[in-house]
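**Student:** Sharing coords.cif (mmCIF, C-alpha atoms, pLDDT in the B column; chains and numbers go by the auth columns) below.
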data_coords
loop_
_atom_site.group_PDB
_atom_site.id
_atom_site.type_symbol
_atom_site.label_atom_id
_atom_site.label_comp_id
_atom_site.label_asym_id
_atom_site.label_seq_id
_atom_site.Cartn_x
_atom_site.Cartn_y
_atom_site.Cartn_z
_atom_site.B_iso_or_equiv
_atom_site.auth_seq_id
_atom_site.auth_asym_id
ATOM 1 C CA MET A 1 26.304 -3.095 2.691 44.00 199 A
ATOM 2 C CA LYS A 2 27.894 -1.354 5.637 47.00 200 A
ATOM 3 C CA ARG A 3 27.146 -3.041 8.963 51.00 201 A
ATOM 4 C CA ASN A 4 27.007 0.256 10.917 50.00 202 A
ATOM 5 C CA ARG A 5 24.322 1.837 8.742 55.00 203 A
ATOM 6 C CA LYS A 6 20.993 2.290 10.502 61.00 204 A
ATOM 7 C CA ILE A 7 18.052 0.296 9.202 59.00 205 A
ATOM 8 C CA GLU A 8 15.831 3.410 9.271 68.00 206 A
ATOM 9 C CA ASP A 9 18.090 5.044 6.651 76.00 207 A
ATOM 10 C CA MET A 10 17.731 2.232 4.097 78.00 208 A
ATOM 11 C CA SER A 11 15.833 2.472 0.853 84.00 209 A
ATOM 12 C CA ILE A 12 13.162 -0.166 0.270 85.00 210 A
ATOM 13 C CA TYR A 13 15.553 -1.989 -2.055 87.00 211 A
ATOM 14 C CA GLU A 14 18.404 -1.949 0.456 85.00 212 A
ATOM 15 C CA ALA A 15 16.067 -3.157 3.183 83.00 213 A
ATOM 16 C CA SER A 16 14.865 -5.987 0.955 87.00 214 A
ATOM 17 C CA ASP A 17 18.450 -7.090 0.303 87.00 215 A
ATOM 18 C CA PHE A 18 19.312 -6.731 4.002 83.00 216 A
ATOM 19 C CA TRP A 19 16.412 -8.913 5.196 83.00 217 A
ATOM 20 C CA ASP A 20 17.165 -11.522 2.527 88.00 218 A
ATOM 21 C CA GLU A 21 20.509 -12.056 4.271 87.00 219 A
ATOM 22 C CA HIS A 22 19.694 -11.300 7.939 82.00 220 A
ATOM 23 C CA ASP A 23 17.329 -12.344 10.698 82.00 221 A
ATOM 24 C CA PHE A 24 15.746 -10.460 13.622 76.00 222 A
ATOM 25 C CA ALA A 25 17.663 -12.693 16.016 78.00 223 A
ATOM 26 C CA GLU A 26 20.908 -11.037 14.890 80.00 224 A
ATOM 27 C CA LEU A 27 19.774 -7.631 16.131 78.00 225 A
ATOM 28 C CA LYS A 28 19.915 -7.192 19.896 77.00 226 A
ATOM 29 C CA ASP A 29 17.847 -3.995 20.129 77.00 227 A
ATOM 30 C CA VAL A 30 14.890 -5.215 18.034 73.00 228 A
ATOM 31 C CA LYS A 31 11.857 -6.544 19.853 74.00 229 A
ATOM 32 C CA GLU A 32 8.939 -8.426 18.359 75.00 230 A
ATOM 33 C CA VAL A 33 5.622 -6.617 18.548 77.00 231 A
ATOM 34 C CA LYS A 34 2.824 -8.973 19.575 81.00 232 A
ATOM 35 C CA GLU A 35 -0.147 -6.627 19.239 86.00 233 A
ATOM 36 C CA ILE A 36 -0.624 -3.356 17.501 84.00 234 A
ATOM 37 C CA GLY A 37 -3.727 -1.216 17.476 86.00 235 A
ATOM 38 C CA PHE A 38 -4.763 1.489 15.080 85.00 236 A
ATOM 39 C CA ALA A 39 -7.900 3.038 13.701 89.00 237 A
ATOM 40 C CA LEU A 40 -8.331 3.692 10.020 88.00 238 A
ATOM 41 C CA LYS A 41 -10.225 6.769 8.943 85.00 239 A
ATOM 42 C CA LYS A 42 -12.358 6.303 5.888 88.00 240 A
ATOM 43 C CA LYS A 43 -11.611 8.892 3.200 85.00 241 A
ATOM 44 C CA LYS A 44 -13.325 9.940 0.012 87.00 242 A
ATOM 45 C CA TYR A 45 -11.289 11.352 -2.829 88.00 243 A
ATOM 46 C CA ILE A 46 -12.859 13.842 -5.214 90.00 244 A
ATOM 47 C CA PRO A 47 -11.588 15.197 -8.517 94.00 245 A
ATOM 48 C CA VAL A 48 -10.133 18.699 -8.585 93.00 246 A
ATOM 49 C CA ASP A 49 -9.280 20.728 -11.683 95.00 247 A
ATOM 50 C CA MET A 50 -5.487 20.718 -12.201 96.00 248 A
ATOM 51 C CA ASN A 51 -5.259 24.525 -12.283 96.00 249 A
ATOM 52 C CA LEU A 52 -7.090 24.723 -8.962 96.00 250 A
ATOM 53 C CA TYR A 53 -4.913 21.945 -7.538 95.00 251 A
ATOM 54 C CA LYS A 54 -1.756 23.864 -8.489 96.00 252 A
ATOM 55 C CA LYS A 55 -3.054 26.890 -6.567 96.00 253 A
ATOM 56 C CA ILE A 56 -3.917 24.713 -3.561 96.00 254 A
ATOM 57 C CA LYS A 57 -0.488 23.072 -3.656 95.00 255 A
ATOM 58 C CA GLN A 58 1.225 26.469 -3.833 96.00 256 A
ATOM 59 C CA ARG A 59 -0.820 27.839 -0.908 96.00 257 A
ATOM 60 C CA ALA A 60 -0.213 24.701 1.153 95.00 258 A
ATOM 61 C CA LYS A 61 3.519 25.069 0.591 95.00 259 A
ATOM 62 C CA GLN A 62 3.390 28.692 1.787 96.00 260 A
ATOM 63 C CA LEU A 63 1.561 27.579 4.942 95.00 261 A
ATOM 64 C CA HIS A 64 3.870 24.574 5.495 95.00 262 A
ATOM 65 C CA LYS A 65 0.935 22.144 5.311 94.00 263 A
ATOM 66 C CA SER A 66 0.028 19.213 3.119 94.00 264 A
ATOM 67 C CA GLU A 67 -2.543 19.758 0.400 93.00 265 A
ATOM 68 C CA ASP A 68 -4.831 17.227 2.125 91.00 266 A
ATOM 69 C CA ALA A 69 -4.671 19.058 5.439 93.00 267 A
ATOM 70 C CA LEU A 70 -5.316 22.448 3.857 95.00 268 A
ATOM 71 C CA VAL A 71 -8.289 21.292 1.777 94.00 269 A
ATOM 72 C CA SER A 72 -9.763 19.434 4.767 92.00 270 A
ATOM 73 C CA GLU A 73 -9.361 22.562 6.900 95.00 271 A
ATOM 74 C CA TRP A 74 -11.040 24.770 4.292 96.00 272 A
ATOM 75 C CA LEU A 75 -13.916 22.332 3.750 94.00 273 A
ATOM 76 C CA SER A 76 -14.468 21.962 7.502 94.00 274 A
ATOM 77 C CA GLU A 77 -14.673 25.731 7.872 95.00 275 A
ATOM 78 C CA LYS A 78 -17.076 26.027 4.949 93.00 276 A
ATOM 79 C CA ALA A 79 -19.285 23.130 6.060 93.00 277 A
ATOM 80 C CA GLY A 80 -19.476 24.463 9.581 85.00 278 A
#
Mind turning the file's structure into structure tokens?

**Tutor:**
Amino acid sequence: MKRNRKIEDMSIYEASDFWDEHDFAELKDVKEVKEIGFALKKKKYIPVDMNLYKKIKQRAKQLHKSEDALVSEWLSEKAG
């Protein structure tokens, strides 16, 4: 593996091989994170007919949004 390749550009398999042979101590610009905070949002997934999903996916692509974001937006508008 090339030494000058950025870690962010690695596939999961390349990263696995890299970390099998390397240690954080070798990298000068990497810092250990002691604490990290995040909040998980609980989600509920519901079934959608495949023909309807294809239409949603197509519309989301036209609007440059994810299907999840578009459906959530539409449901929020409808639910008030």

**Student:** May I ask for the distance between CA of Glu224 in chain A and CA of Met208 in chain A, given in Å to one decimal place?

**Tutor:**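 Computed distance, CA of Glu224 in chain A to CA of Met208 in chain A, equals 17.4 Å.
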
**Student:** Between CA of Glu265 in chain A and CA of Lys239 in chain A, what distance in Å does the model show, to one decimal?

**Tutor:** 17.3 Å

**Student:** Figure out the distance between CA of Glu275 in chain A and CA of Leu238 in chain A, please, to one decimal in Å.

**Tutor:**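 A separation of 23.0 Å between them.
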
**Student:** Please write out, as lines of an AutoDock Vina configuration file, where the centre of an axis-aligned box around all listed atoms of range 253-256 of chain A lies and how long its edges are, in Å to one decimal, after adding 4 Å on each side.

**Tutor:**
center_x = -1.3
center_y = 25.0
center_z = -5.1
size_x = 13.1
size_y = 11.8
size_z = 11.0

**Student:** Compare A:Ile254, A:His220, A:Ser270, A:Lys229 by their minimum atom-to-atom distance to Lys242 in chain A, counting all atoms listed in the file, and give me the closest one.

**Tutor:**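 Closest residue, counting all atoms listed in the file: A:Ser270.
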
**Student:** I need the residue nearest Glu271 in chain A from this list: A:Met248, A:Ala223, A:Ala258, A:Ala237. Use all atoms listed in the file for the distance.

**Tutor:**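 Using all atoms listed in the file, the shortest distance to Glu271 in chain A belongs to A:Ala258.
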
**Student:** Please identify all polymer residues within 12 Å of Val269 in chain A, counting only C-alpha atoms, omitting same-chain residues fewer than 2 positions from it, and present them as a ChimeraX atom specification.

**Tutor:** /A:243-244,246,250-251,253-255,257-258,263-267,271-277
